[in-house]
Amino acid sequence: MNQLPTAQQKRILRLMCNGDLIWEVAGKSYRSIYNERLSRQQRVPASTVEEMEQRGWIRRLDNPNSSRLDGWEMTEQGRAFAAQLRTRGQAKPKASSLSE
């Protein structure tokens, strides 16, 4: 699987580094991320969130009150990857450094 993030995935990682949240929208094919700085909600395709989860950048957090309203948080790998993107000025990171 290609380890380089899409522009949308970079944006999501950047938002999550700022404390913004992703959550499931019950019965929809998308997830939502709340952009605190802009005070607005943005749709994110569920497939994008699932791919980021498969890559180990984010993980699902179960909501004990509802299995249809789960959220996601960044993993240590996701935080390290986002930091690497920031320090390289959004340059493409080396693929070998992602698998360590």
# chains A, B, ... in the order shown; residues from 1 in each chain; ligands from 1

call {"tool": "select_by_dssp", "arguments": {"residues": "chain A", "states": "strand (DSSP E or B)", "output": "list in words"}}
result
Leu21, Ile22, Trp23, Glu24, Tyr30, Arg31, Ser32, Ile33, Tyr34, Asn35, Arg40, Gln41, Gln42, Arg43, Val44, Pro45, Ile58, Arg59, Arg60, Leu61, Gly71, Trp72, Glu73 and Met74 of chain A

call {"tool": "residues_around", "arguments": {"residues": "region 79-83 of chain A", "least_positions_apart": "4", "cutoff": "7 Å", "atoms": "only C-alpha atoms", "output": "PDB file with N, CA and C atoms, in the first residue's frame"}}
result
ATOM      1  N   LEU A  13      -4.904  15.067   9.148  1.00  0.00           N
ATOM      2  CA  LEU A  13      -3.868  14.923  10.175  1.00  0.00           C
ATOM      3  C   LEU A  13      -3.537  16.277  10.805  1.00  0.00           C
ATOM      4  N   ARG A  14      -3.455  17.301   9.986  1.00  0.00           N
ATOM      5  CA  ARG A  14      -3.165  18.646  10.494  1.00  0.00           C
ATOM      6  C   ARG A  14      -4.279  19.120  11.430  1.00  0.00           C
ATOM      7  N   MET A  74      -5.707  10.294  16.941  1.00  0.00           N
ATOM      8  CA  MET A  74      -4.427  10.011  16.312  1.00  0.00           C
ATOM      9  C   MET A  74      -3.653   9.014  17.156  1.00  0.00           C
ATOM     10  N   THR A  75      -2.940   8.134  16.497  1.00  0.00           N
ATOM     11  CA  THR A  75      -2.052   7.201  17.177  1.00  0.00           C
ATOM     12  C   THR A  75      -0.684   7.864  17.324  1.00  0.00           C
ATOM     13  N   THR A  87       7.785  19.179   9.636  1.00  0.00           N
ATOM     14  CA  THR A  87       9.203  19.551   9.616  1.00  0.00           C
ATOM     15  C   THR A  87       9.779  19.529   8.216  1.00  0.00           C
TER      16      THR A  87
END

call {"tool": "select_by_dssp", "arguments": {"residues": "chain A", "states": "helix (DSSP H, G or I)", "output": "PyMOL selection string"}}
result
chain A and resi 7-17+46-54+76-87+95-98

call {"tool": "closest_residue", "arguments": {"among": "A:Gln54, A:Asn65, A:Gln42, A:Gln84", "to": "Trp23 (chain A)", "atoms": "only C-alpha atoms"}}
result
A:Gln42

call {"tool": "closest_residue", "arguments": {"among": "A:Arg55, A:Asp62, A:Tyr30, A:Arg88", "to": "Leu4 (chain A)", "atoms": "only C-alpha atoms"}}
result
A:Arg55

call {"tool": "residues_around", "arguments": {"residues": "Glu24 (chain A)", "least_positions_apart": "2", "cutoff": "10 Å", "atoms": "only C-alpha atoms", "output": "list of chain:residue names"}}
result
A:Ile22, A:Ala26, A:Gly27, A:Lys28, A:Ser29, A:Tyr30, A:Arg31, A:Ser32, A:Ile33, A:Val44, A:Ala46, A:Val49, A:Arg60, A:Ser67, A:Arg68, A:Leu69, A:Asp70, A:Gly71, A:Trp72

call {"tool": "decode", "arguments": {"residues": "region 9-38 of chain A", "atoms": "N, CA and C atoms", "output": "PDB file, in the first residue's frame"}}
result
ATOM      1  N   GLN A   9      -5.819  13.609   3.331  1.00  0.00           N
ATOM      2  CA  GLN A   9      -5.310  12.955   4.533  1.00  0.00           C
ATOM      3  C   GLN A   9      -4.347  13.863   5.290  1.00  0.00           C
ATOM      4  N   LYS A  10      -3.517  14.602   4.576  1.00  0.00           N
ATOM      5  CA  LYS A  10      -2.628  15.575   5.229  1.00  0.00           C
ATOM      6  C   LYS A  10      -3.440  16.619   5.985  1.00  0.00           C
ATOM      7  N   ARG A  11      -4.500  17.100   5.362  1.00  0.00           N
ATOM      8  CA  ARG A  11      -5.358  18.115   5.974  1.00  0.00           C
ATOM      9  C   ARG A  11      -6.020  17.560   7.240  1.00  0.00           C
ATOM     10  N   ILE A  12      -6.479  16.314   7.172  1.00  0.00           N
ATOM     11  CA  ILE A  12      -7.117  15.686   8.333  1.00  0.00           C
ATOM     12  C   ILE A  12      -6.106  15.531   9.464  1.00  0.00           C
ATOM     13  N   LEU A  13      -4.904  15.067   9.148  1.00  0.00           N
ATOM     14  CA  LEU A  13      -3.868  14.923  10.175  1.00  0.00           C
ATOM     15  C   LEU A  13      -3.537  16.277  10.805  1.00  0.00           C
ATOM     16  N   ARG A  14      -3.455  17.301   9.986  1.00  0.00           N
ATOM     17  CA  ARG A  14      -3.165  18.646  10.494  1.00  0.00           C
ATOM     18  C   ARG A  14      -4.279  19.120  11.430  1.00  0.00           C
ATOM     19  N   LEU A  15      -5.526  18.886  11.043  1.00  0.00           N
ATOM     20  CA  LEU A  15      -6.657  19.279  11.883  1.00  0.00           C
ATOM     21  C   LEU A  15      -6.651  18.506  13.202  1.00  0.00           C
ATOM     22  N   MET A  16      -6.353  17.221  13.135  1.00  0.00           N
ATOM     23  CA  MET A  16      -6.337  16.413  14.344  1.00  0.00           C
ATOM     24  C   MET A  16      -5.195  16.827  15.271  1.00  0.00           C
ATOM     25  N   CYS A  17      -4.081  17.274  14.713  1.00  0.00           N
ATOM     26  CA  CYS A  17      -2.977  17.785  15.542  1.00  0.00           C
ATOM     27  C   CYS A  17      -3.416  19.023  16.311  1.00  0.00           C
ATOM     28  N   ASN A  18      -4.348  19.760  15.756  1.00  0.00           N
ATOM     29  CA  ASN A  18      -4.873  20.967  16.407  1.00  0.00           C
ATOM     30  C   ASN A  18      -5.996  20.647  17.391  1.00  0.00           C
ATOM     31  N   GLY A  19      -6.291  19.367  17.557  1.00  0.00           N
ATOM     32  CA  GLY A  19      -7.322  18.975  18.516  1.00  0.00           C
ATOM     33  C   GLY A  19      -8.704  18.800  17.915  1.00  0.00           C
ATOM     34  N   ASP A  20      -8.824  18.927  16.600  1.00  0.00           N
ATOM     35  CA  ASP A  20     -10.122  18.747  15.969  1.00  0.00           C
ATOM     36  C   ASP A  20     -10.495  17.259  15.974  1.00  0.00           C
ATOM     37  N   LEU A  21     -11.774  16.962  15.946  1.00  0.00           N
ATOM     38  CA  LEU A  21     -12.278  15.608  16.135  1.00  0.00           C
ATOM     39  C   LEU A  21     -12.946  15.054  14.887  1.00  0.00           C
ATOM     40  N   ILE A  22     -12.806  13.748  14.687  1.00  0.00           N
ATOM     41  CA  ILE A  22     -13.553  13.031  13.647  1.00  0.00           C
ATOM     42  C   ILE A  22     -14.592  12.190  14.366  1.00  0.00           C
ATOM     43  N   TRP A  23     -15.807  12.155  13.841  1.00  0.00           N
ATOM     44  CA  TRP A  23     -16.819  11.281  14.403  1.00  0.00           C
ATOM     45  C   TRP A  23     -17.685  10.705  13.302  1.00  0.00           C
ATOM     46  N   GLU A  24     -18.314   9.598  13.645  1.00  0.00           N
ATOM     47  CA  GLU A  24     -19.178   8.881  12.722  1.00  0.00           C
ATOM     48  C   GLU A  24     -20.540   9.560  12.658  1.00  0.00           C
ATOM     49  N   VAL A  25     -21.104   9.602  11.465  1.00  0.00           N
ATOM     50  CA  VAL A  25     -22.462  10.100  11.279  1.00  0.00           C
ATOM     51  C   VAL A  25     -23.317   8.875  10.976  1.00  0.00           C
ATOM     52  N   ALA A  26     -24.174   8.508  11.902  1.00  0.00           N
ATOM     53  CA  ALA A  26     -24.945   7.275  11.787  1.00  0.00           C
ATOM     54  C   ALA A  26     -25.706   7.198  10.475  1.00  0.00           C
ATOM     55  N   GLY A  27     -25.535   6.068   9.786  1.00  0.00           N
ATOM     56  CA  GLY A  27     -26.278   5.812   8.563  1.00  0.00           C
ATOM     57  C   GLY A  27     -25.776   6.555   7.333  1.00  0.00           C
ATOM     58  N   LYS A  28     -24.639   7.221   7.409  1.00  0.00           N
ATOM     59  CA  LYS A  28     -24.119   7.983   6.272  1.00  0.00           C
ATOM     60  C   LYS A  28     -22.816   7.366   5.772  1.00  0.00           C
ATOM     61  N   SER A  29     -22.459   7.656   4.533  1.00  0.00           N
ATOM     62  CA  SER A  29     -21.234   7.119   3.939  1.00  0.00           C
ATOM     63  C   SER A  29     -20.056   8.058   4.156  1.00  0.00           C
ATOM     64  N   TYR A  30     -20.203   8.974   5.068  1.00  0.00           N
ATOM     65  CA  TYR A  30     -19.114   9.904   5.363  1.00  0.00           C
ATOM     66  C   TYR A  30     -18.957  10.048   6.868  1.00  0.00           C
ATOM     67  N   ARG A  31     -17.843  10.596   7.256  1.00  0.00           N
ATOM     68  CA  ARG A  31     -17.577  10.947   8.642  1.00  0.00           C
ATOM     69  C   ARG A  31     -17.500  12.465   8.690  1.00  0.00           C
ATOM     70  N   SER A  32     -17.475  13.027   9.866  1.00  0.00           N
ATOM     71  CA  SER A  32     -17.375  14.479  10.012  1.00  0.00           C
ATOM     72  C   SER A  32     -16.143  14.822  10.829  1.00  0.00           C
ATOM     73  N   ILE A  33     -15.537  15.935  10.472  1.00  0.00           N
ATOM     74  CA  ILE A  33     -14.465  16.495  11.288  1.00  0.00           C
ATOM     75  C   ILE A  33     -14.861  17.926  11.583  1.00  0.00           C
ATOM     76  N   TYR A  34     -14.736  18.291  12.845  1.00  0.00           N
ATOM     77  CA  TYR A  34     -15.089  19.659  13.232  1.00  0.00           C
ATOM     78  C   TYR A  34     -13.824  20.497  13.230  1.00  0.00           C
ATOM     79  N   ASN A  35     -13.806  21.514  12.391  1.00  0.00           N
ATOM     80  CA  ASN A  35     -12.673  22.423  12.285  1.00  0.00           C
ATOM     81  C   ASN A  35     -12.898  23.549  13.292  1.00  0.00           C
ATOM     82  N   GLU A  36     -12.195  23.459  14.411  1.00  0.00           N
ATOM     83  CA  GLU A  36     -12.371  24.419  15.509  1.00  0.00           C
ATOM     84  C   GLU A  36     -12.038  25.844  15.072  1.00  0.00           C
ATOM     85  N   ARG A  37     -10.958  25.990  14.315  1.00  0.00           N
ATOM     86  CA  ARG A  37     -10.514  27.326  13.900  1.00  0.00           C
ATOM     87  C   ARG A  37     -11.568  28.029  13.045  1.00  0.00           C
ATOM     88  N   LEU A  38     -12.198  27.271  12.146  1.00  0.00           N
ATOM     89  CA  LEU A  38     -13.219  27.852  11.275  1.00  0.00           C
ATOM     90  C   LEU A  38     -14.629  27.736  11.861  1.00  0.00           C
TER      91      LEU A  38
END
